[in-house]
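Data file: coords20.tsv. Format and content: TSV, C-alpha atoms.
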chain	number	residue	atom	x	y	z
A	1	THR	CA	-23.72	10.60	34.14
A	2	THR	CA	-25.09	7.91	36.43
A	3	ALA	CA	-26.95	6.33	33.53
A	4	VAL	CA	-23.80	6.23	31.42
A	5	LEU	CA	-21.79	4.67	34.22
A	6	LEU	CA	-24.51	2.10	34.82
A	7	ALA	CA	-24.71	1.23	31.12
A	8	THR	CA	-20.93	0.85	30.95
A	9	PHE	CA	-20.88	-1.36	34.04
A	10	LEU	CA	-23.64	-3.60	32.69
A	11	SER	CA	-22.01	-3.94	29.27
A	12	VAL	CA	-18.69	-4.94	30.82
A	13	THR	CA	-20.13	-7.36	33.35
A	14	LEU	CA	-23.07	-8.89	31.48
A	15	VAL	CA	-22.25	-8.82	27.77
A	16	ARG	CA	-20.36	-11.91	26.63
A	17	PHE	CA	-17.72	-11.13	24.04
A	18	ASP	CA	-17.39	-14.35	22.07
A	19	PRO	CA	-13.82	-14.79	20.71
A	20	GLN	CA	-15.19	-16.86	17.81
A	21	ARG	CA	-17.19	-13.84	16.70
A	22	LEU	CA	-14.46	-11.30	17.40
A	23	ALA	CA	-12.01	-13.28	15.25
A	24	SER	CA	-14.46	-13.97	12.43
A	25	GLY	CA	-13.50	-11.20	10.02
A	26	VAL	CA	-17.17	-10.75	9.21
A	27	PHE	CA	-16.38	-7.59	7.20
A	28	ARG	CA	-14.75	-9.83	4.54
A	29	THR	CA	-16.45	-13.21	4.78
A	30	GLY	CA	-19.98	-12.42	5.91
A	31	ARG	CA	-19.64	-15.14	8.57
A	32	ALA	CA	-20.35	-14.17	12.16
A	33	THR	CA	-18.11	-16.88	13.62
A	34	THR	CA	-14.81	-18.47	12.60
A	35	PRO	CA	-15.27	-21.68	10.61
A	36	GLY	CA	-12.40	-23.48	12.33
A	37	GLN	CA	-11.04	-24.19	15.78
A	38	LEU	CA	-9.89	-21.04	17.56
A	39	LEU	CA	-6.49	-21.76	19.13
A	40	PHE	CA	-5.55	-18.24	20.22
A	41	TYR	CA	-7.23	-14.86	20.66
A	42	ARG	CA	-5.87	-11.79	22.38
A	43	ASP	CA	-6.35	-8.04	22.15
A	44	GLY	CA	-2.99	-6.38	21.73
A	45	LYS	CA	-1.85	-2.77	21.89
A	46	THR	CA	-2.51	-2.09	18.20
A	47	ALA	CA	-4.68	-5.01	17.02
A	48	SER	CA	-6.58	-8.14	17.97
A	49	VAL	CA	-4.67	-11.27	16.98
A	50	SER	CA	-6.07	-14.76	16.53
A	51	VAL	CA	-4.91	-18.18	15.37
A	52	GLN	CA	-7.37	-20.71	14.04
A	53	GLN	CA	-7.13	-24.11	12.41
A	54	ILE	CA	-9.27	-25.76	9.73
A	55	ASP	CA	-8.26	-29.39	9.17
A	56	THR	CA	-4.45	-29.23	8.87
A	57	GLN	CA	-4.29	-25.53	7.91
A	58	ARG	CA	-3.36	-23.11	10.70
A	59	ALA	CA	-3.72	-19.36	10.10
A	60	ILE	CA	-2.86	-16.18	11.97
A	61	ALA	CA	-5.13	-13.15	11.64
A	62	THR	CA	-5.09	-9.48	12.60
A	63	ASN	CA	-8.49	-7.96	13.41
A	64	GLY	CA	-10.09	-10.92	11.67
A	65	LYS	CA	-7.99	-10.56	8.49
A	66	THR	CA	-5.83	-13.63	7.82
A	67	ASP	CA	-2.20	-12.63	7.27
A	68	ALA	CA	-0.48	-16.00	6.91
A	69	GLY	CA	-1.33	-19.68	6.82
A	70	ILE	CA	0.77	-22.81	7.26
A	71	THR	CA	-0.23	-26.43	6.65
A	72	MET	CA	0.85	-28.23	9.79
A	73	GLN	CA	0.77	-31.67	8.16
A	74	GLY	CA	0.82	-32.55	4.47
A	75	ALA	CA	1.53	-30.55	1.29
A	76	PRO	CA	2.43	-26.86	1.80
A	77	GLY	CA	-0.17	-24.16	1.13
A	78	THR	CA	0.15	-21.10	-1.11
A	79	ASP	CA	1.25	-18.72	1.67
A	80	GLU	CA	4.16	-20.98	2.55
A	81	GLY	CA	5.59	-20.76	-0.95
A	82	THR	CA	5.45	-16.96	-0.83
A	83	MET	CA	6.94	-16.66	2.65
A	84	LEU	CA	9.75	-19.06	1.77
A	85	LEU	CA	10.55	-17.23	-1.50
A	86	LEU	CA	10.62	-13.87	0.28
A	87	GLY	CA	13.72	-15.21	2.00
A	88	ALA	CA	15.13	-17.59	-0.60
A	89	LEU	CA	15.08	-15.27	-3.64
A	90	PRO	CA	17.27	-12.49	-2.19
A	91	LEU	CA	19.58	-15.08	-0.62
A	92	ALA	CA	20.04	-16.56	-4.11
A	93	MET	CA	21.00	-13.12	-5.49
A	94	HIS	CA	23.23	-11.65	-2.79
A	95	ASP	CA	26.83	-12.84	-2.49
A	96	LYS	CA	27.25	-11.82	1.14
A	97	PRO	CA	23.88	-11.57	2.95
A	98	GLU	CA	25.14	-11.02	6.48
A	99	GLU	CA	22.72	-8.48	7.97
A	100	ILE	CA	19.01	-8.59	7.18
A	101	GLY	CA	16.01	-6.57	8.29
A	102	VAL	CA	12.45	-7.93	8.12
A	103	ILE	CA	9.47	-5.58	8.44
A	104	GLY	CA	6.51	-7.46	9.89
A	105	PHE	CA	6.73	-10.77	11.74
A	106	GLY	CA	3.61	-12.45	10.32
A	107	SER	CA	3.90	-16.18	10.84
A	108	GLY	CA	7.68	-15.97	11.34
A	109	MET	CA	8.37	-18.25	8.36
A	110	THR	CA	10.30	-15.66	6.33
A	111	THR	CA	12.63	-14.96	9.25
A	112	HIS	CA	12.97	-18.72	9.80
A	113	THR	CA	13.90	-19.19	6.12
A	114	LEU	CA	16.51	-16.43	6.12
A	115	LEU	CA	18.18	-17.95	9.19
A	116	GLY	CA	18.56	-21.23	7.31
A	117	ASP	CA	21.50	-19.68	5.43
A	118	ALA	CA	24.81	-20.07	7.27
A	119	ARG	CA	26.13	-16.84	5.69
A	120	VAL	CA	23.58	-14.78	7.62
A	121	LYS	CA	24.97	-13.22	10.80
A	122	ARG	CA	21.96	-11.23	12.02
A	123	VAL	CA	18.24	-10.91	11.26
A	124	ASP	CA	16.32	-8.03	12.83
A	125	THR	CA	12.57	-8.63	12.61
A	126	ILE	CA	10.61	-5.50	13.45
A	127	GLU	CA	6.99	-6.00	14.51
A	128	ILE	CA	4.78	-3.31	16.00
A	129	GLU	CA	2.35	-5.70	17.74
A	130	PRO	CA	3.88	-7.93	20.47
A	131	VAL	CA	0.85	-10.25	20.54
A	132	MET	CA	1.57	-11.22	16.92
A	133	VAL	CA	4.96	-12.60	17.96
A	134	GLU	CA	3.36	-14.52	20.83
A	135	ALA	CA	0.61	-16.00	18.65
A	136	ALA	CA	2.97	-17.15	15.88
A	137	LYS	CA	4.66	-19.56	18.29
A	138	LEU	CA	1.75	-21.89	17.49
A	139	PHE	CA	3.36	-22.58	14.11
A	140	GLY	CA	6.01	-24.59	15.97
A	141	LYS	CA	8.83	-26.17	14.00
A	142	PHE	CA	7.95	-24.24	10.83
A	143	VAL	CA	9.14	-20.99	12.40
A	144	ALA	CA	11.43	-22.25	15.17
A	145	ARG	CA	14.61	-20.45	14.11
A	146	ALA	CA	12.87	-17.08	14.43
A	147	TYR	CA	12.61	-17.72	18.19
A	148	ASP	CA	15.52	-20.02	18.97
A	149	ASP	CA	18.40	-18.97	16.71
A	150	PRO	CA	20.82	-16.58	18.49
A	151	ARG	CA	21.16	-14.60	15.23
A	152	SER	CA	17.46	-13.71	15.41
A	153	HIS	CA	16.51	-10.40	17.02
A	154	ILE	CA	12.78	-9.63	17.35
A	155	ILE	CA	12.20	-5.92	17.94
A	156	ILE	CA	8.82	-4.53	19.01
A	157	ASP	CA	8.73	-1.13	17.36
A	158	ASP	CA	7.65	0.84	14.32
A	159	ALA	CA	10.05	-0.09	11.52
A	160	LYS	CA	10.82	3.46	10.39
A	161	SER	CA	11.48	4.59	13.96
A	162	TYR	CA	13.74	1.63	14.64
A	163	PHE	CA	15.76	1.99	11.44
A	164	SER	CA	16.15	5.73	11.97
A	165	GLY	CA	17.20	5.35	15.59
A	166	ARG	CA	19.69	2.56	14.99
A	167	GLN	CA	21.03	4.02	11.73
A	168	ALA	CA	21.64	0.48	10.58
A	169	LYS	CA	22.39	-0.53	7.00
A	170	TYR	CA	21.36	-3.96	5.79
A	171	ASP	CA	22.31	-6.29	2.97
A	172	ILE	CA	18.64	-7.24	2.57
A	173	ILE	CA	15.42	-5.63	3.78
A	174	VAL	CA	12.21	-7.64	3.44
A	175	SER	CA	8.85	-5.91	3.81
A	176	GLU	CA	5.89	-8.23	4.32
A	177	PRO	CA	3.01	-6.09	5.58
A	178	SER	CA	-0.67	-6.98	5.42
A	179	ASN	CA	-2.81	-6.00	2.41
A	180	PRO	CA	-2.43	-2.38	1.20
A	181	TRP	CA	-6.10	-1.61	1.88
A	182	ILE	CA	-5.87	-2.45	5.61
A	183	SER	CA	-6.03	0.64	7.84
A	184	GLY	CA	-2.54	1.94	8.63
A	185	ILE	CA	-0.75	-0.33	6.15
A	186	GLY	CA	-0.85	1.99	3.14
A	187	ALA	CA	2.16	3.94	4.48
A	188	LEU	CA	4.34	0.87	3.78
A	189	PHE	CA	3.46	1.12	0.08
A	190	ALA	CA	3.89	4.89	-0.28
A	191	HIS	CA	6.52	7.14	-1.91
A	192	GLU	CA	7.81	8.21	1.51
A	193	PHE	CA	8.50	4.62	2.56
A	194	TYR	CA	10.28	3.66	-0.65
A	195	ASP	CA	12.40	6.84	-0.46
A	196	PHE	CA	13.29	5.89	3.13
A	197	VAL	CA	14.35	2.27	2.51
A	198	PRO	CA	17.50	2.85	0.38
A	199	ARG	CA	19.05	4.93	3.18
A	200	HIS	CA	19.20	1.74	5.23
A	201	LEU	CA	20.59	-0.55	2.53
A	202	LYS	CA	24.27	-1.15	1.84
A	203	PRO	CA	25.49	-0.17	-1.67
A	204	ASP	CA	24.78	-3.68	-3.02
A	205	GLY	CA	21.68	-4.13	-0.86
A	206	LEU	CA	18.39	-5.69	-1.94
A	207	PHE	CA	14.85	-4.69	-1.03
A	208	VAL	CA	12.07	-7.29	-1.12
A	209	GLN	CA	8.36	-6.39	-1.14
A	210	TRP	CA	5.34	-8.70	-0.81
A	211	VAL	CA	2.27	-7.37	-2.63
A	212	GLN	CA	-1.03	-9.24	-2.26
A	213	LEU	CA	-2.91	-9.18	-5.58
A	214	TYR	CA	-6.29	-10.31	-4.27
A	215	GLU	CA	-9.02	-7.86	-3.19
A	216	ILE	CA	-7.15	-5.11	-5.05
A	217	ASN	CA	-7.51	-3.44	-8.43
A	218	ASP	CA	-5.04	-2.67	-11.22
A	219	LYS	CA	-5.01	1.03	-10.37
A	220	LEU	CA	-3.82	0.38	-6.81
A	221	VAL	CA	-1.13	-2.07	-7.96
A	222	ALA	CA	0.04	0.53	-10.48
A	223	SER	CA	0.22	3.16	-7.73
A	224	ILE	CA	2.50	0.87	-5.70
A	225	MET	CA	4.81	0.38	-8.68
A	226	ASN	CA	4.79	4.13	-9.40
A	227	ALA	CA	5.79	4.82	-5.80
A	228	LEU	CA	8.57	2.23	-5.76
A	229	THR	CA	10.17	2.81	-9.16
A	230	PRO	CA	11.81	6.27	-8.61
A	231	ALA	CA	13.66	5.09	-5.48
A	232	PHE	CA	15.38	2.11	-7.11
A	233	SER	CA	17.62	1.69	-10.14
A	234	ASP	CA	16.45	-1.81	-11.05
A	235	TYR	CA	13.82	-4.31	-9.98
A	236	ARG	CA	12.17	-7.59	-10.93
A	237	ALA	CA	8.75	-8.97	-10.06
A	238	TYR	CA	7.99	-12.64	-9.43
A	239	THR	CA	4.60	-14.27	-8.97
A	240	SER	CA	4.77	-16.87	-6.22
A	241	ASN	CA	1.21	-18.00	-7.01
A	242	GLU	CA	-1.88	-16.58	-8.71
A	243	THR	CA	-2.52	-13.98	-6.00
A	244	ASP	CA	0.88	-12.91	-4.61
A	245	LEU	CA	3.66	-10.79	-6.11
A	246	ILE	CA	7.25	-10.54	-4.89
A	247	ILE	CA	9.26	-7.50	-5.98
A	248	ILE	CA	13.04	-7.41	-5.55
A	249	ALA	CA	14.78	-4.08	-6.09
A	250	THR	CA	18.18	-2.49	-5.71
A	251	PRO	CA	18.93	1.24	-5.25
A	252	GLN	CA	22.19	1.10	-7.23
A	253	GLY	CA	23.15	-0.66	-10.45
A	254	LYS	CA	21.53	-3.78	-11.87
A	255	LEU	CA	20.03	-6.65	-9.93
A	256	PRO	CA	22.29	-9.70	-9.79
A	257	GLU	CA	21.14	-12.93	-11.36
A	258	LEU	CA	19.75	-15.78	-9.29
A	259	LYS	CA	22.36	-18.26	-8.12
A	260	ALA	CA	20.46	-21.27	-6.84
A	261	GLU	CA	23.62	-22.90	-5.51
A	262	GLN	CA	23.92	-20.13	-2.90
A	263	VAL	CA	20.74	-21.13	-1.05
Starting from the file, give its structure as structure tokens.
Amino acid sequence: TTAVLLATFLSVTLVRFDPQRLASGVFRTGRATTPGQLLFYRDGKTASVSVQQIDTQRAIATNGKTDAGITMQGAPGTDEGTMLLLGALPLAMHDKPEEIGVIGFGSGMTTHTLLGDARVKRVDTIEIEPVMVEAAKLFGKFVARAYDDPRSHIIIDDAKSYFSGRQAKYDIIVSEPSNPWISGIGALFAHEFYDFVPRHLKPDGLFVQWVQLYEINDKLVASIMNALTPAFSDYRAYTSNETDLIIIATPQGKLPELKAEQV
């Protein structure tokens, strides 16, 4: 027992835990340190969150896995197009998008985009890791409405627990989790989740799902579609770039057409 206590004491007091290494995501990249400037690193309740910058690109990562990137100066990057369309596409379909739920904060850009529509009265963004919300502040003006707009409500909770407890029904629900293969994320792509979502949509409600197509195989993508299809009466899939898919579905009737003038 004494030896164990001594070893623990020495490891805590003498071993230097380098944030550059902890945020490196070596399991994916093979690099033992981050290639850019580390702007933020903190261990949260459920994950370690970091923000790093390479040139003008700033990215937020969970346990070393990048979840979203924004170009702070210059032409937008691929993630920005996807995060913007996650908000813009359902807004261009729904005639009265007043109450919206967003599952997963990420960079905050999707919530920011949704709040750009004057018809929206409330956006609930449910994020299980509070440090993620703190770190995303480093994206500044690109996500400002998520923090500053009085219609924005950031809730630290599990999405299913929150929806069930509040018994809310939304005009739009956007789900933007990390990649399906990340530990704990698969539940947000499962039959049980897709059966759960329609209970919290209004009759003309829309569900929006981000599916990352990189580091995944056709069989896994097919399993996601097989899980989603029985719970919804109609859906469409849009590719926002070569590696990201956006699915929009409705539990009743046919999906409305896009009306660009509404956005």
Inset, instruction - Could you check which of A:Ile103, A:Val208, A:Ile70, A:Leu258 is closest to A:Gly140, using only C-alpha atoms? - result: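 Closest to A:Gly140 of all the choices is A:Ile70.
Atom CA of A:Gln209 is found 27.2 Å from atom CA of A:Gln53.
Of the residues under consideration (A:Ser240, A:Asp157, A:Ala146, A:Thr250), A:Thr250 shows the shortest atom-to-atom contact distance to A:Pro198 when counting only C-alpha atoms.
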Legend entry - Neighbour list for stretch 172-177 of chain A as number ranges by chain, cut-off 8 Å, only C-alpha atoms, skip fewer than 4 positions in-chain: A: 86-87, 90, 97, 99-106, 185, 188, 201, 205-211
Inset, instruction - Find the distance between atom CA of A:Leu39 and atom CA of A:Gln73 and write it in Å to one decimal. - result: 16.5 Å
Inset, instruction - Identify, on the basis of all atoms listed in the file, every residue whose closest approach to A:Ile155 does not exceed 12 Å; exclude the query and any residue fewer than 6 positions from it along the same chain; express the result as a count of residues only. - result: 21
Legend entry - Which of A:Phe142, A:Val221, A:Val120, A:Lys96 sits closest to A:Arg58 [using only C-alpha atoms]: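 Residue with the minimum atom-to-atom distance to A:Arg58: A:Phe142.
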Inset, instruction - State, in Å with one decimal place, the distance from atom CA of A:Thr56 to atom CA of A:Leu114. - result: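 Atom CA of A:Leu114 lies at a distance of 24.7 Å from atom CA of A:Thr56.
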Legend entry - Exercise: stretch 227-234 of chain A partners within 7 Å, all atoms listed in the file, chain neighbours under 2 positions left out, as a PyMOL selection string: chain A and resi 190-191+194-195+223-225+249-255
May I have the selected residues written with C-alpha atoms, as a compact mmCIF listing (two decimals), in the frame of the given file?
# COMPACT_ATOMS: atom_id res chain seq x y z
CA ALA A 190 3.89 4.89 -0.28
CA HIS A 191 6.52 7.14 -1.91
CA TYR A 194 10.28 3.66 -0.65
CA ASP A 195 12.40 6.84 -0.46
CA SER A 223 0.22 3.16 -7.73
CA ILE A 224 2.50 0.87 -5.70
CA MET A 225 4.81 0.38 -8.68
CA ALA A 249 14.78 -4.08 -6.09
CA THR A 250 18.18 -2.49 -5.71
CA PRO A 251 18.93 1.24 -5.25
CA GLN A 252 22.19 1.10 -7.23
CA GLY A 253 23.15 -0.66 -10.45
CA LYS A 254 21.53 -3.78 -11.87
CA LEU A 255 20.03 -6.65 -9.93
